[in-house]
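Accompanying notes for the structure given below.
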Amino acid sequence: MNLKLNTLIAAFGAVILLAPGSYAKTAPACRTGKLLDVQENTELVPTVQIGQARQNENGKDWITIALPPTRKQTTYVVKVALDGIIYTARSSGDFWGYNPSSMIVNSEVEACVDSNKLVINRPDGKQYKPTIIRREQDQSTPSGK
């Protein structure tokens, strides 16, 4: 029994090691593109009022926590021309996100597409990955390129 298990493990290991490399996910090759536009959109969105229950000696006592009726929400939209396609991508402007408005419009950027993300190399060397919301043919470049 032990010999069969060892043979099975060895066969499985050989299949994994000999599997073609095309099955592995590879990082997309980034190319030079042009940053066409950066927009910062700020809007007021409604907030949800929160009800909180606490237990007292007579049963539940409901308390409503009063929040402002709206809160400020910021989103960033960038456009990048890359290989004859103009990609429009959006990201949230939350506390942890990157603010792309410091990037220079009409400058060259290293960028690539990874599934539904536009990966842009930021000036500080890190990557900015907004979600692609639109793809369109770049009419300013000849269709043969």
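Ordered as shown in the structure tokens, chains take letters A, B, and onward, while each chain numbers its residues from 1 and ligands are numbered from 1 in the order shown.
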
key: Shell around Ser102 of chain A at 12 Å using only C-alpha atoms, local window under 2 positions removed, as a PyMOL selection string   = chain A and resi 35+37-40+76+78+98-100+104-105+107+122-124

key: Contact residues around Tyr87 of chain A with only C-alpha atoms at 6 Å, ignoring same-chain residues under 5 positions, as a ChimeraX atom specification   = /A:79-80,134-135

ask   = Hey, can you check how far atom CA of Ile132 of chain A sits from atom CA of Trp96 of chain A?
value =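 Atom-to-atom, atom CA of Ile132 of chain A to atom CA of Trp96 of chain A, that is 19.3 Å.
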
request  = Considering only C-alpha atoms, state which residue in the set A:Ser115, A:Thr131, A:Thr42, A:Thr47 is at the smallest distance from Asp94 of chain A.
outcome  = A:Thr42

task = Measuring atom to atom with only C-alpha atoms, identify which of A:Cys30, A:Leu36, A:Val48, A:Cys112 is nearest to Thr70 of chain A.
result = A:Val48

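Between atom CA of Arg31 of chain A and atom CA of Tyr128 of chain A there is a distance of 14.7 Å.
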
Residues of segment 46-140 of chain A in strand (DSSP E), written as JSON, numbers by chain = {"A": [46, 50, 51, 52, 53, 54, 55, 56, 59, 60, 61, 62, 63, 64, 65, 70, 71, 72, 73, 74, 75, 76, 77, 78, 79, 80, 81, 82, 85, 86, 87, 88, 89, 90, 91, 92, 108, 109, 110, 111, 112, 113, 114, 117, 118, 119, 120, 121, 127, 128, 131, 132, 133, 134, 135, 136, 137]}

Would you put the residues from that selection into a file with C-alpha atoms, as a CSV table (one decimal), in the first residue's frame?
chain,number,residue,atom,x,y,z
A,46,PRO,CA,-26.2,59.5,0.7
A,50,ILE,CA,-27.3,53.0,11.4
A,51,GLY,CA,-29.6,51.5,14.1
A,52,GLN,CA,-27.9,50.0,17.1
A,53,ALA,CA,-29.5,47.7,19.6
A,54,ARG,CA,-28.4,47.4,23.2
A,55,GLN,CA,-29.9,45.2,25.9
A,56,ASN,CA,-31.2,46.8,29.0
A,59,GLY,CA,-35.5,44.3,26.8
A,60,LYS,CA,-34.0,45.9,23.7
A,61,ASP,CA,-33.6,49.6,23.5
A,62,TRP,CA,-33.0,50.9,20.0
A,63,ILE,CA,-30.6,53.8,19.4
A,64,THR,CA,-30.1,55.5,16.1
A,65,ILE,CA,-26.7,56.9,15.5
A,70,THR,CA,-24.4,62.8,2.7
A,71,ARG,CA,-20.7,62.2,2.5
A,72,LYS,CA,-18.0,63.2,0.0
A,73,GLN,CA,-16.9,60.5,-2.4
A,74,THR,CA,-14.0,61.0,-4.8
A,75,THR,CA,-13.2,58.9,-7.9
A,76,TYR,CA,-10.3,59.2,-10.4
A,77,VAL,CA,-10.6,58.6,-14.1
A,78,VAL,CA,-7.6,58.2,-16.3
A,79,LYS,CA,-7.2,57.8,-20.1
A,80,VAL,CA,-4.1,56.1,-21.6
A,81,ALA,CA,-3.4,55.5,-25.3
A,82,LEU,CA,-1.6,52.2,-25.7
A,85,ILE,CA,-6.4,51.6,-28.1
A,86,ILE,CA,-7.5,54.3,-25.7
A,87,TYR,CA,-8.2,52.8,-22.2
A,88,THR,CA,-10.4,54.7,-19.8
A,89,ALA,CA,-10.0,53.4,-16.2
A,90,ARG,CA,-11.5,54.4,-12.8
A,91,SER,CA,-10.3,54.0,-9.2
A,92,SER,CA,-11.7,55.1,-5.9
A,108,GLU,CA,4.7,59.0,-21.7
A,109,VAL,CA,3.9,56.3,-19.2
A,110,GLU,CA,4.8,52.7,-18.9
A,111,ALA,CA,1.5,50.8,-18.9
A,112,CYS,CA,-0.1,47.4,-19.7
A,113,VAL,CA,-3.4,45.6,-19.5
A,114,ASP,CA,-3.9,42.8,-17.0
A,117,LYS,CA,-7.0,46.4,-14.9
A,118,LEU,CA,-4.9,49.1,-16.5
A,119,VAL,CA,-1.5,48.8,-14.8
A,120,ILE,CA,0.4,52.1,-14.9
A,121,ASN,CA,3.9,52.6,-13.5
A,127,GLN,CA,2.0,50.5,-9.8
A,128,TYR,CA,-1.4,52.2,-10.1
A,131,THR,CA,-10.3,49.2,-13.3
A,132,ILE,CA,-10.9,49.5,-17.1
A,133,ILE,CA,-14.4,50.9,-17.9
A,134,ARG,CA,-14.0,51.6,-21.6
A,135,ARG,CA,-11.8,50.6,-24.6
A,136,GLU,CA,-11.9,52.5,-27.9
A,137,GLN,CA,-9.9,52.6,-31.1

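Between atom CA of Glu43 of chain A and atom CA of Asn106 of chain A the interatomic distance comes to 26.3 Å.
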